[in-house]
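A.B. asks: This is model-v3.txt, which holds compact mmCIF, C-alpha atoms:
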```
# COMPACT_ATOMS: atom_id res chain seq x y z
CA MET C 26 9.83 14.98 -9.41
CA ALA C 27 10.99 12.84 -12.35
CA ASP C 28 11.09 14.31 -15.86
CA LYS C 29 9.06 11.36 -17.19
CA PRO C 30 6.11 9.46 -15.74
CA SER C 31 7.09 6.67 -13.40
CA ARG C 32 5.59 3.19 -13.28
CA GLY C 33 4.38 2.04 -9.91
CA LEU C 34 4.80 -1.18 -7.98
CA VAL C 35 3.15 -1.70 -4.59
CA LEU C 36 3.97 -4.72 -2.42
CA TYR C 37 1.30 -4.98 0.26
CA GLY C 38 1.92 -7.39 3.13
CA ASP C 39 -1.55 -7.58 4.66
CA GLY C 40 -1.35 -8.36 8.38
CA LEU C 41 2.41 -8.99 8.28
CA ALA C 42 3.76 -6.00 10.26
CA ARG C 43 3.87 -7.97 13.51
CA SER C 44 6.15 -10.58 11.95
CA ILE C 45 9.06 -8.34 10.99
CA ASP C 46 12.35 -9.17 12.70
CA PRO C 47 16.10 -8.61 12.15
CA SER C 48 16.29 -11.56 9.73
CA HIS C 49 14.30 -9.62 7.10
CA THR C 50 17.42 -7.86 5.89
CA HIS C 51 16.11 -6.86 2.46
CA LEU C 52 13.16 -5.01 3.99
CA HIS C 53 15.45 -3.17 6.40
CA SER C 54 17.85 -2.30 3.60
CA PHE C 55 14.93 -0.99 1.53
CA ALA C 56 13.74 1.19 4.41
CA SER C 57 17.24 2.61 4.82
CA ARG C 58 17.14 4.01 1.27
CA ALA C 59 13.44 4.94 1.27
CA CYS C 60 11.14 7.61 2.64
CA CYS C 61 9.10 6.04 5.45
CA GLY C 62 5.93 6.75 7.40
CA PHE C 63 2.44 5.62 8.35
CA LEU C 64 -1.00 5.38 6.75
CA ALA C 65 -3.82 6.00 9.24
CA LEU C 66 -6.87 3.73 9.02
CA PRO C 67 -10.42 4.07 10.36
CA HIS C 68 -11.66 1.86 13.19
CA SER C 69 -12.98 -1.59 12.32
CA PRO C 70 -16.75 -2.18 12.54
CA PRO C 71 -17.84 -4.46 15.38
CA SER C 72 -17.84 -8.22 14.67
CA GLU C 73 -15.97 -7.75 11.38
CA THR C 74 -14.78 -10.95 9.74
CA GLU C 75 -11.20 -11.33 8.55
CA ASP C 76 -12.22 -11.42 4.88
CA ALA C 77 -14.30 -8.27 5.36
CA ARG C 78 -11.35 -6.52 7.03
CA ILE C 79 -9.04 -7.45 4.16
CA VAL C 80 -11.36 -5.94 1.55
CA ARG C 81 -12.31 -2.89 3.64
CA GLU C 82 -8.68 -1.93 4.33
CA PHE C 83 -7.75 -2.46 0.68
CA ALA C 84 -10.70 -0.22 -0.25
CA GLU C 85 -9.20 2.48 1.99
CA LEU C 86 -5.84 1.99 0.30
CA VAL C 87 -7.29 2.70 -3.15
CA ASP C 88 -9.72 5.39 -1.88
CA ALA C 89 -12.78 3.28 -2.64
CA SER C 90 -14.42 3.04 0.79
CA GLU C 91 -17.68 4.54 -0.51
CA ALA C 92 -17.81 1.90 -3.24
CA TYR C 93 -17.09 -0.79 -0.64
CA LEU C 94 -19.93 0.39 1.61
CA ALA C 95 -22.32 0.73 -1.32
CA LEU C 96 -21.51 -2.72 -2.68
CA ASN C 97 -21.84 -4.29 0.77
CA GLY C 98 -25.22 -2.66 1.21
CA GLU C 99 -26.41 -3.94 -2.15
CA GLU C 100 -25.50 -7.53 -1.31
CA SER C 101 -28.07 -7.61 1.49
CA SER C 102 -30.71 -5.33 -0.05
CA ASP C 103 -33.65 -5.88 -2.38
CA THR C 104 -32.39 -3.26 -4.81
CA GLN C 105 -33.09 -4.09 -8.43
CA PRO C 106 -30.00 -4.80 -10.57
CA GLU C 107 -30.50 -1.71 -12.74
CA GLU C 108 -30.57 0.49 -9.62
CA LYS C 109 -27.35 -0.82 -8.12
CA HIS C 110 -24.41 1.44 -7.37
CA VAL C 111 -21.80 1.52 -10.13
CA ALA C 112 -18.34 2.47 -8.86
CA ALA C 113 -16.12 4.63 -11.06
CA THR C 114 -13.30 2.51 -12.44
CA ILE C 115 -9.68 3.07 -11.51
CA SER C 116 -9.05 4.23 -15.09
CA GLU C 117 -11.87 6.79 -14.92
CA ARG C 118 -10.65 8.15 -11.59
CA PHE C 119 -6.98 8.43 -12.50
CA MET C 120 -6.62 9.76 -16.05
CA GLY C 121 -6.71 6.44 -17.87
CA MET C 122 -4.34 4.66 -15.49
CA LYS C 123 -3.93 0.96 -16.28
CA ALA C 124 -3.73 -0.95 -13.00
CA ALA C 125 -3.51 -4.59 -11.95
CA VAL C 126 -3.96 -6.36 -8.62
CA ILE C 127 -2.35 -9.73 -7.94
CA THR C 128 -4.03 -11.57 -5.08
CA GLU C 129 -5.13 -15.02 -3.96
CA ASN C 130 -8.04 -13.71 -1.86
CA LEU C 131 -11.34 -14.55 -3.58
CA ARG C 132 -13.38 -11.75 -2.01
CA LEU C 133 -10.70 -9.18 -2.81
CA LYS C 134 -10.58 -10.40 -6.41
CA SER C 135 -14.31 -9.79 -6.79
CA PHE C 136 -14.09 -6.31 -5.28
CA CYS C 137 -11.13 -5.28 -7.46
CA HIS C 138 -12.92 -6.48 -10.59
CA LYS C 139 -15.78 -4.12 -9.75
CA LEU C 140 -13.32 -1.23 -9.41
CA GLY C 141 -11.92 -1.85 -12.88
CA PHE C 142 -8.60 -3.40 -11.90
CA THR C 143 -7.19 -6.21 -13.98
CA VAL C 144 -7.08 -9.04 -11.44
CA LEU C 145 -4.35 -11.66 -11.72
CA GLU C 146 -3.15 -14.65 -9.73
CA LEU C 147 0.48 -15.58 -9.23
CA ASN C 148 0.15 -18.56 -11.56
CA GLU C 149 -1.06 -16.18 -14.26
CA VAL C 150 1.97 -13.93 -13.80
CA ILE C 151 4.57 -16.68 -13.96
CA SER C 152 4.62 -20.32 -15.03
CA SER C 153 4.54 -22.37 -11.83
CA ILE C 154 5.52 -25.94 -11.13
CA ASN C 155 4.13 -27.74 -8.11
CA ASN C 156 2.68 -24.43 -6.88
CA GLN C 157 6.15 -22.90 -6.46
CA VAL C 158 7.12 -19.46 -7.70
CA ASP C 159 10.75 -18.35 -7.58
CA SER C 160 11.05 -14.79 -6.24
CA SER C 161 13.67 -13.70 -8.79
CA ALA C 162 11.51 -14.95 -11.66
CA LEU C 163 8.47 -13.25 -10.13
CA ALA C 164 10.41 -9.98 -9.87
CA SER C 165 11.24 -10.21 -13.60
CA GLU C 166 7.62 -10.87 -14.50
CA LEU C 167 6.39 -7.96 -12.37
CA PHE C 168 8.81 -5.71 -14.21
CA LYS C 169 7.58 -7.00 -17.57
CA LEU C 170 4.01 -6.07 -16.63
CA MET C 171 5.24 -2.48 -16.20
CA GLY C 172 7.30 -2.46 -19.41
CA PHE C 173 10.71 -3.10 -17.86
CA GLN C 174 12.78 -5.86 -19.43
CA GLU C 175 16.45 -6.78 -19.03
CA GLY C 176 17.15 -3.47 -17.33
CA LYS C 177 15.64 -1.47 -20.20
CA ILE C 178 12.47 0.62 -20.38
CA LEU C 179 10.11 -0.41 -23.17
CA GLU C 180 8.03 2.25 -24.89
CA SER C 181 4.83 0.32 -24.29
CA ASN C 182 3.71 -1.15 -20.99
CA GLN C 183 0.76 -3.31 -20.03
CA PHE C 184 0.20 -1.54 -16.72
CA ASP C 185 1.09 1.78 -15.12
CA LEU C 186 0.55 0.36 -11.64
CA VAL C 187 0.81 -3.17 -10.23
CA ILE C 188 -0.27 -4.04 -6.68
CA LEU C 189 0.81 -7.38 -5.22
CA HIS C 190 -1.28 -8.39 -2.20
CA VAL C 191 0.31 -11.00 0.09
CA GLY C 192 -1.89 -12.22 2.93
CA ALA C 193 -0.90 -13.64 6.30
CA GLY C 194 -0.23 -17.38 6.08
CA GLN C 195 0.22 -17.31 2.30
CA THR C 196 3.11 -19.56 1.24
CA THR C 197 5.06 -19.03 -1.98
CA ASN C 198 7.99 -21.20 -3.08
CA CYS C 199 8.14 -22.69 0.44
CA LEU C 200 8.53 -19.18 1.88
CA LYS C 201 5.84 -17.98 4.27
CA ASP C 202 4.23 -14.57 3.66
CA LEU C 203 6.77 -12.01 4.98
CA ASP C 204 9.80 -14.14 4.12
CA HIS C 205 8.57 -14.17 0.52
CA VAL C 206 8.03 -10.38 0.54
CA ASN C 207 11.50 -9.88 2.02
CA ARG C 208 13.23 -11.94 -0.66
CA LEU C 209 11.16 -10.37 -3.43
CA VAL C 210 12.13 -6.88 -2.27
CA GLY C 211 15.79 -7.89 -2.45
CA ASN C 212 15.37 -9.17 -6.02
CA LEU C 213 13.49 -6.06 -7.16
CA VAL C 214 15.99 -3.60 -5.70
CA GLN C 215 18.88 -5.52 -7.24
CA MET C 216 17.21 -5.30 -10.66
CA ALA C 217 16.58 -1.55 -10.29
CA HIS C 218 19.84 -0.48 -8.67
CA PRO C 219 21.35 2.94 -9.44
CA GLY C 220 22.84 3.03 -12.90
CA MET C 221 20.07 0.93 -14.43
CA GLU C 222 17.46 2.65 -16.59
CA VAL C 223 14.70 0.97 -14.63
CA GLY C 224 15.80 2.58 -11.36
CA SER C 225 14.91 6.07 -12.52
CA ARG C 226 11.37 5.13 -13.61
CA LEU C 227 10.29 2.59 -10.98
CA HIS C 228 8.36 4.03 -8.04
CA MET C 229 8.22 1.23 -5.47
CA SER C 230 6.17 1.12 -2.27
CA VAL C 231 6.33 -1.57 0.41
CA LEU C 232 3.39 -1.62 2.84
CA LEU C 233 2.88 -3.79 5.89
CA GLY C 234 -0.37 -3.78 7.85
CA TYR C 235 -1.18 -5.09 11.32
CA GLY C 236 -4.35 -6.96 10.39
CA ALA C 237 -6.96 -7.44 13.09
CA VAL C 238 -6.39 -5.11 16.05
CA ARG C 239 -5.68 -6.48 19.54
CA GLU C 240 -6.45 -4.95 22.93
CA ALA C 241 -2.88 -3.90 23.73
CA ASP C 242 -2.24 -2.38 20.31
CA ASP C 243 -3.50 1.13 21.13
CA SER C 244 -0.49 1.78 23.35
CA ALA C 245 2.06 -0.43 21.56
CA PHE C 246 1.60 1.03 18.06
CA SER C 247 0.18 4.50 18.66
CA ILE C 248 0.44 7.37 16.17
CA HIS C 249 -1.36 9.82 18.44
CA ASP C 250 0.39 13.14 19.12
CA SER C 251 0.59 13.27 22.92
CA ARG C 252 1.87 16.86 23.08
CA GLN C 253 -1.58 18.22 23.87
CA GLU C 254 -1.98 15.99 26.90
CA ASN C 255 1.56 16.74 28.06
CA ASN C 256 1.04 20.50 27.62
CA SER C 257 -2.60 21.06 28.53
CA LYS C 258 -2.18 24.83 28.89
CA LEU C 259 -0.90 25.04 25.34
CA SER C 260 -3.26 22.49 23.81
CA LEU C 261 -5.32 25.10 21.97
CA ILE C 262 -2.37 26.29 19.90
CA PHE C 263 -1.51 22.84 18.57
CA PRO C 264 -3.13 22.46 15.13
CA ARG C 265 -4.95 19.25 14.27
CA GLN C 266 -2.75 16.83 12.35
CA SER C 267 -3.63 16.78 8.64
CA TYR C 268 -4.38 13.04 8.67
CA THR C 269 -7.27 13.75 11.06
CA MET C 270 -8.85 16.22 8.61
CA LYS C 271 -10.74 15.91 5.33
CA GLU C 272 -11.98 18.88 3.32
CA ALA C 273 -11.24 21.19 6.27
CA LYS C 274 -13.40 19.12 8.61
CA PRO C 275 -12.29 16.62 11.29
CA ARG C 276 -12.42 13.00 10.19
CA PRO C 277 -14.85 11.27 12.57
CA ASN C 278 -13.33 7.79 12.66
CA VAL C 279 -9.53 7.90 12.78
CA ARG C 280 -7.81 4.98 14.48
CA GLN C 281 -4.84 6.36 16.39
CA HIS C 282 -2.95 3.07 16.49
CA CYS C 283 -1.97 0.18 14.22
CA PRO C 284 -1.43 2.16 11.03
CA MET C 285 -0.06 0.66 7.86
CA LEU C 286 3.72 1.02 7.62
CA VAL C 287 4.87 2.40 4.27
CA ALA C 288 8.32 2.84 2.71
CA GLN C 289 8.64 4.40 -0.76
CA TRP C 290 11.65 4.55 -3.03
CA GLN C 291 12.56 5.79 -6.47
CA ASN C 292 16.20 6.26 -7.29
CA ALA C 293 17.21 9.94 -7.39
CA VAL C 294 13.59 11.04 -6.88
CA THR C 295 12.35 10.16 -3.38
CA ARG C 296 14.15 11.77 -0.47
CA LYS C 297 15.90 9.45 1.94
CA ASP C 298 15.06 9.94 5.61
CA MET C 299 16.91 8.79 8.73
CA ALA C 300 15.09 5.46 9.15
CA GLU C 301 17.50 2.53 9.05
CA ALA C 302 15.12 -0.36 9.71
CA TYR C 303 11.65 -1.36 8.59
CA SER C 304 9.88 -1.08 11.94
CA TYR C 305 7.19 0.89 13.75
CA LYS C 306 9.77 2.32 16.16
CA ASP C 307 12.20 3.47 13.47
CA PHE C 308 9.46 4.95 11.30
CA LYS C 309 7.99 6.87 14.24
CA GLU C 310 11.34 8.24 15.39
CA HIS C 311 13.06 8.83 12.04
CA GLY C 312 10.50 8.59 9.20
CA ALA C 313 9.99 11.72 7.09
CA ASN C 314 6.51 10.94 5.78
CA LEU C 315 4.92 11.04 9.26
CA VAL C 316 1.21 10.09 8.96
CA ILE C 317 -1.21 10.50 6.05
CA PRO C 318 -4.71 9.04 5.66
CA THR C 319 -4.69 5.66 3.93
CA ASP C 320 -7.20 6.90 1.36
CA ARG C 321 -4.63 9.47 0.12
CA PHE C 322 -1.96 6.87 -0.63
CA LEU C 323 -3.06 6.02 -4.17
CA HIS C 324 -3.35 9.71 -5.04
CA GLU C 325 0.28 10.20 -3.99
CA VAL C 326 1.41 7.25 -6.10
CA ALA C 327 -0.72 8.28 -9.09
CA PHE C 328 0.89 11.72 -9.02
CA LYS C 329 4.30 10.10 -9.52
CA LEU C 330 2.82 8.26 -12.52
CA TRP C 331 1.46 11.54 -13.91
CA LYS C 332 -2.08 10.27 -13.38
CA ALA C 333 -3.26 12.66 -10.64
CA PRO C 334 -2.67 16.23 -9.42
CA LYS C 335 -0.38 16.76 -6.43
CA TYR C 336 -1.84 15.91 -3.03
CA GLY C 337 -0.69 18.06 -0.12
CA ALA C 338 2.35 20.33 0.08
```
Could you express the structure from this file as structure tokens?
C.D. replies:
Amino acid sequence: MADKPSRGLVLYGDGLARSIDPSHTHLHSFASRACCGFLALPHSPPSETEDARIVREFAELVDASEAYLALNGEESSDTQPEEKHVAATISERFMGMKAAVITENLRLKSFCHKLGFTVLELNEVISSINNQVDSSALASELFKLMGFQEGKILESNQFDLVILHVGAGQTTNCLKDLDHVNRLVGNLVQMAHPGMEVGSRLHMSVLLGYGAVREADDSAFSIHDSRQENNSKLSLIFPRQSYTMKEAKPRPNVRQHCPMLVAQWQNAVTRKDMAEAYSYKDFKEHGANLVIPTDRFLHEVAFKLWKAPKYGA
């Protein structure tokens, strides 16, 4: 644990996990210095649209699934405006935390506004010419939002937490989705390398999701513990994994495949595990974070920012 509150940056590649390959060297390098694992999601509702999936999974990520369900229900109901559900803001839930979301998705923008996030677009974060944003300049501007400038830590900061959402097919500075995330990660790590003040106060998370689930995914990207099936006589002594529980009761809707991949790093604070590449296989075999529910992720991050009590052991 750091002796001062950290400032958090989350890069979320929505639906980009399938695209990772050996050419994404900055992502693999980041994973090799980070603590890696999985975030378990619930199953998708039947006939879910892609836009609905994007917002629903983001709602899980910020532990706002109840607000998502309530707001969705209101959109199709005859409820009077004064009776509508009002979601607690991110600031109210996390001890005054100032948080921003950067996204190009219109439906996600609307949802985040209702949760009390400051919602920005890339062209609001950095001056753009011909719709192009240089990744090194973007990295500098992201740092400025958190009160980091020229390697120094400013006393005041606009935001405690910044979440950058990059969707599948999104092109930035002629770089398609994951290529942009890969280069941005390289720029950010270079600016926060050991020895820089920023490195000790930046808590950085890189998440990649699988997007819409396919038929073969349950076996290809499984997080299920098969020990019980392999040892049927001993199955009763195996405890339920914590990600399948909530408030001492089994979670009813845990998807045992296609989790979000997550790597987290803060210089001299996070423990490095044995993962050497940003991949499902490496995280499953060598990641130290194992599996946690997606709705616990923001609580873990907020703890590092001194905005929430400790979650888990």
A.B. asks: Kindly give the distance, in Å, that separates atom CA of C:Pro67 and atom CA of C:Asn97, rounded to a single decimal.
C.D. replies: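 Taking atom CA of C:Pro67 and atom CA of C:Asn97, their separation equals 17.1 Å.
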A.B. asks: Do you know which residues are at most 12 Å from C:Pro334 counting all atoms listed in the file, after dropping those on the same chain fewer than 2 positions away, and could you put them as a PyMOL selection string?
C.D. replies: chain C and resi 118-120+321+323-332+336-338
A.B. asks: When you count only C-alpha atoms, which of these residues is closest to C:Pro71: C:Met171, C:Met229, C:Ala112, C:Val238?
C.D. replies: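 Selected residue with least distance to C:Pro71: C:Val238.
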A.B. asks: Residues of stretch 130-180 of chain C that have any atom at most 12 Å from an atom of stretch 207-220 of chain C: could you tabulate them with the shortest-distance atom pair and the distance in Å to one decimal, using all atoms listed in the file, ordered by chain and increasing number, as CSV?
C.D. replies:
```
residue,atom,partner,partner_atom,distance
C:Val158,CA,C:Leu209,CA,10.8
C:Asp159,CA,C:Leu209,CA,9.0
C:Ser160,CA,C:Leu209,CA,5.2
C:Ser161,CA,C:Asn212,CA,5.6
C:Ala162,CA,C:Asn212,CA,9.0
C:Leu163,CA,C:Leu209,CA,7.8
C:Ala164,CA,C:Leu213,CA,5.7
C:Ser165,CA,C:Leu213,CA,8.0
C:Glu166,CA,C:Leu213,CA,10.6
C:Leu167,CA,C:Leu213,CA,9.0
C:Phe168,CA,C:Leu213,CA,8.5
C:Lys169,CA,C:Met216,CA,12.0
C:Phe173,CA,C:Ala217,CA,9.7
C:Gln174,CA,C:Met216,CA,9.8
C:Glu175,CA,C:Met216,CA,8.5
C:Gly176,CA,C:Met216,CA,6.9
C:Lys177,CA,C:Ala217,CA,10.0
C:Ile178,CA,C:Ala217,CA,11.1
```
A.B. asks: Could the residues in this selection be saved with C-alpha atoms as an mmCIF file, in the coordinates of the input?
C.D. replies:
```
data_model
loop_
_atom_site.group_PDB
_atom_site.id
_atom_site.type_symbol
_atom_site.label_atom_id
_atom_site.label_comp_id
_atom_site.auth_asym_id
_atom_site.auth_seq_id
_atom_site.Cartn_x
_atom_site.Cartn_y
_atom_site.Cartn_z
ATOM 1 C CA VAL C 158 7.120 -19.460 -7.700
ATOM 2 C CA ASP C 159 10.750 -18.350 -7.580
ATOM 3 C CA SER C 160 11.050 -14.790 -6.240
ATOM 4 C CA SER C 161 13.670 -13.700 -8.790
ATOM 5 C CA ALA C 162 11.510 -14.950 -11.660
ATOM 6 C CA LEU C 163 8.470 -13.250 -10.130
ATOM 7 C CA ALA C 164 10.410 -9.980 -9.870
ATOM 8 C CA SER C 165 11.240 -10.210 -13.600
ATOM 9 C CA GLU C 166 7.620 -10.870 -14.500
ATOM 10 C CA LEU C 167 6.390 -7.960 -12.370
ATOM 11 C CA PHE C 168 8.810 -5.710 -14.210
ATOM 12 C CA LYS C 169 7.580 -7.000 -17.570
ATOM 13 C CA PHE C 173 10.710 -3.100 -17.860
ATOM 14 C CA GLN C 174 12.780 -5.860 -19.430
ATOM 15 C CA GLU C 175 16.450 -6.780 -19.030
ATOM 16 C CA GLY C 176 17.150 -3.470 -17.330
ATOM 17 C CA LYS C 177 15.640 -1.470 -20.200
ATOM 18 C CA ILE C 178 12.470 0.620 -20.380
#
```
A.B. asks: Name the residues in contact with C:Arg78 at a cut-off of 8 Å, using only C-alpha atoms, excluding same-chain residues fewer than 3 positions from it; report them as a PyMOL selection string.
C.D. replies: chain C and resi 69+73-75+81-82+236-237
A.B. asks: Using only C-alpha atoms, determine which residues lie at most 7 Å from C:Asp39, disregarding the query and same-chain residues fewer than 5 positions distant; provide the list as an MDAnalysis selection string.
C.D. replies: chainID C and resid 190:193 233:234 236
A.B. asks: Could you give me, as number ranges by chain, the residues that have an atom at most 10 Å away from the point (0.1, -4.5, 1.3) in the coordinates of the file, using only C-alpha atoms?
C.D. replies: C: 35-42, 82-83, 86, 188-192, 206, 230-234, 285-287
A.B. asks: Rounded to one decimal place, report the atom CA of C:Phe142-atom CA of C:Gly172 distance in Å.
C.D. replies: 17.6 Å
A.B. asks: As an exercise, work out the distance from atom CA of C:Arg32 to atom CA of C:Leu227 in Å and give it to one decimal place.
C.D. replies: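 Going from atom CA of C:Arg32 over to atom CA of C:Leu227, I get 5.3 Å.
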A.B. asks: Please determine, counting all atoms listed in the file, which residue among C:Ser57, C:Phe322, C:Leu170, C:Arg43 has the shortest atom-to-atom distance to C:Val150.
C.D. replies: C:Leu170
A.B. asks: Measuring atom to atom with only C-alpha atoms, identify which of C:Lys29, C:Arg226, C:His138, C:Arg132 is nearest to C:Trp290.
C.D. replies: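 The answer is C:Arg226, which sits nearest to C:Trp290.
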A.B. asks: Just checking: using only C-alpha atoms, which residue out of C:Ser90, C:Asn182, C:Ser31, C:Thr295 ends up closest to C:Leu66?
C.D. replies: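 Of C:Ser90, C:Asn182, C:Ser31, C:Thr295, the one nearest C:Leu66, counting only C-alpha atoms, is C:Ser90.
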A.B. asks: Here is a test: counting all atoms listed in the file, which residue of C:Ala302, C:Ile248, C:Ala293, C:Pro275 is nearest to C:Phe63?
C.D. replies: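 With all atoms listed in the file as the atom set, the closest residue is C:Ile248.
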A.B. asks: Counting all atoms listed in the file, figure out which residue out of C:His51, C:Lys274, C:Ala333, C:Ser181 gets nearest to C:Glu117.
C.D. replies: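 Going through C:His51, C:Lys274, C:Ala333, C:Ser181 one by one, the smallest distance to C:Glu117 is for C:Ala333.
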A.B. asks: Find the spatial neighbours of C:Glu301, counting only C-alpha atoms, within a cut-off of 7 Å - ignore same-chain residues fewer than 4 positions away - and output them as a ChimeraX atom specification.
C.D. replies: /C:53,56-57,307
A.B. asks: Since the input has fewer atoms than a full residue there, write stretch 217-235 of chain C out with N, CA and C atoms, as a PDB file, in the coordinates of the input.
C.D. replies:
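Output file out09.pdb follows:
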```pdb
ATOM      1  N   ALA C 217      16.813  -2.981 -10.014  1.00  0.00           N
ATOM      2  CA  ALA C 217      16.580  -1.550 -10.290  1.00  0.00           C
ATOM      3  C   ALA C 217      17.621  -0.684  -9.606  1.00  0.00           C
ATOM      4  N   HIS C 218      18.813  -1.219  -9.402  1.00  0.00           N
ATOM      5  CA  HIS C 218      19.840  -0.480  -8.670  1.00  0.00           C
ATOM      6  C   HIS C 218      20.298   0.744  -9.448  1.00  0.00           C
ATOM      7  N   PRO C 219      20.863   1.730  -8.764  1.00  0.00           N
ATOM      8  CA  PRO C 219      21.350   2.940  -9.440  1.00  0.00           C
ATOM      9  C   PRO C 219      22.271   2.594 -10.603  1.00  0.00           C
ATOM     10  N   GLY C 220      22.060   3.302 -11.694  1.00  0.00           N
ATOM     11  CA  GLY C 220      22.840   3.030 -12.900  1.00  0.00           C
ATOM     12  C   GLY C 220      22.026   2.294 -13.948  1.00  0.00           C
ATOM     13  N   MET C 221      20.962   1.602 -13.500  1.00  0.00           N
ATOM     14  CA  MET C 221      20.070   0.930 -14.430  1.00  0.00           C
ATOM     15  C   MET C 221      18.961   1.897 -14.858  1.00  0.00           C
ATOM     16  N   GLU C 222      18.537   1.792 -16.108  1.00  0.00           N
ATOM     17  CA  GLU C 222      17.460   2.650 -16.590  1.00  0.00           C
ATOM     18  C   GLU C 222      16.202   2.492 -15.742  1.00  0.00           C
ATOM     19  N   VAL C 223      15.925   1.266 -15.372  1.00  0.00           N
ATOM     20  CA  VAL C 223      14.700   0.970 -14.630  1.00  0.00           C
ATOM     21  C   VAL C 223      14.634   1.758 -13.326  1.00  0.00           C
ATOM     22  N   GLY C 224      15.783   1.924 -12.661  1.00  0.00           N
ATOM     23  CA  GLY C 224      15.800   2.580 -11.360  1.00  0.00           C
ATOM     24  C   GLY C 224      15.238   3.982 -11.358  1.00  0.00           C
ATOM     25  N   SER C 225      15.383   4.684 -12.469  1.00  0.00           N
ATOM     26  CA  SER C 225      14.910   6.070 -12.520  1.00  0.00           C
ATOM     27  C   SER C 225      13.416   6.179 -12.817  1.00  0.00           C
ATOM     28  N   ARG C 226      12.787   5.076 -13.228  1.00  0.00           N
ATOM     29  CA  ARG C 226      11.370   5.130 -13.610  1.00  0.00           C
ATOM     30  C   ARG C 226      10.472   4.247 -12.738  1.00  0.00           C
ATOM     31  N   LEU C 227      11.068   3.455 -11.868  1.00  0.00           N
ATOM     32  CA  LEU C 227      10.290   2.590 -10.980  1.00  0.00           C
ATOM     33  C   LEU C 227      10.013   3.304  -9.666  1.00  0.00           C
ATOM     34  N   HIS C 228       8.747   3.503  -9.357  1.00  0.00           N
ATOM     35  CA  HIS C 228       8.360   4.030  -8.040  1.00  0.00           C
ATOM     36  C   HIS C 228       7.803   2.851  -7.246  1.00  0.00           C
ATOM     37  N   MET C 229       8.518   2.459  -6.198  1.00  0.00           N
ATOM     38  CA  MET C 229       8.220   1.230  -5.470  1.00  0.00           C
ATOM     39  C   MET C 229       7.800   1.532  -4.033  1.00  0.00           C
ATOM     40  N   SER C 230       6.685   0.957  -3.628  1.00  0.00           N
ATOM     41  CA  SER C 230       6.170   1.120  -2.270  1.00  0.00           C
ATOM     42  C   SER C 230       6.054  -0.255  -1.613  1.00  0.00           C
ATOM     43  N   VAL C 231       6.486  -0.346  -0.363  1.00  0.00           N
ATOM     44  CA  VAL C 231       6.330  -1.570   0.410  1.00  0.00           C
ATOM     45  C   VAL C 231       5.495  -1.235   1.644  1.00  0.00           C
ATOM     46  N   LEU C 232       4.328  -1.864   1.743  1.00  0.00           N
ATOM     47  CA  LEU C 232       3.390  -1.620   2.840  1.00  0.00           C
ATOM     48  C   LEU C 232       3.237  -2.873   3.675  1.00  0.00           C
ATOM     49  N   LEU C 233       3.198  -2.695   4.982  1.00  0.00           N
ATOM     50  CA  LEU C 233       2.880  -3.790   5.890  1.00  0.00           C
ATOM     51  C   LEU C 233       1.786  -3.320   6.840  1.00  0.00           C
ATOM     52  N   GLY C 234       0.710  -4.104   6.941  1.00  0.00           N
ATOM     53  CA  GLY C 234      -0.370  -3.780   7.850  1.00  0.00           C
ATOM     54  C   GLY C 234      -0.371  -4.700   9.060  1.00  0.00           C
ATOM     55  N   TYR C 235      -1.124  -4.311  10.086  1.00  0.00           N
ATOM     56  CA  TYR C 235      -1.180  -5.090  11.320  1.00  0.00           C
ATOM     57  C   TYR C 235      -2.319  -6.111  11.330  1.00  0.00           C
TER      58      TYR C 235
END
```
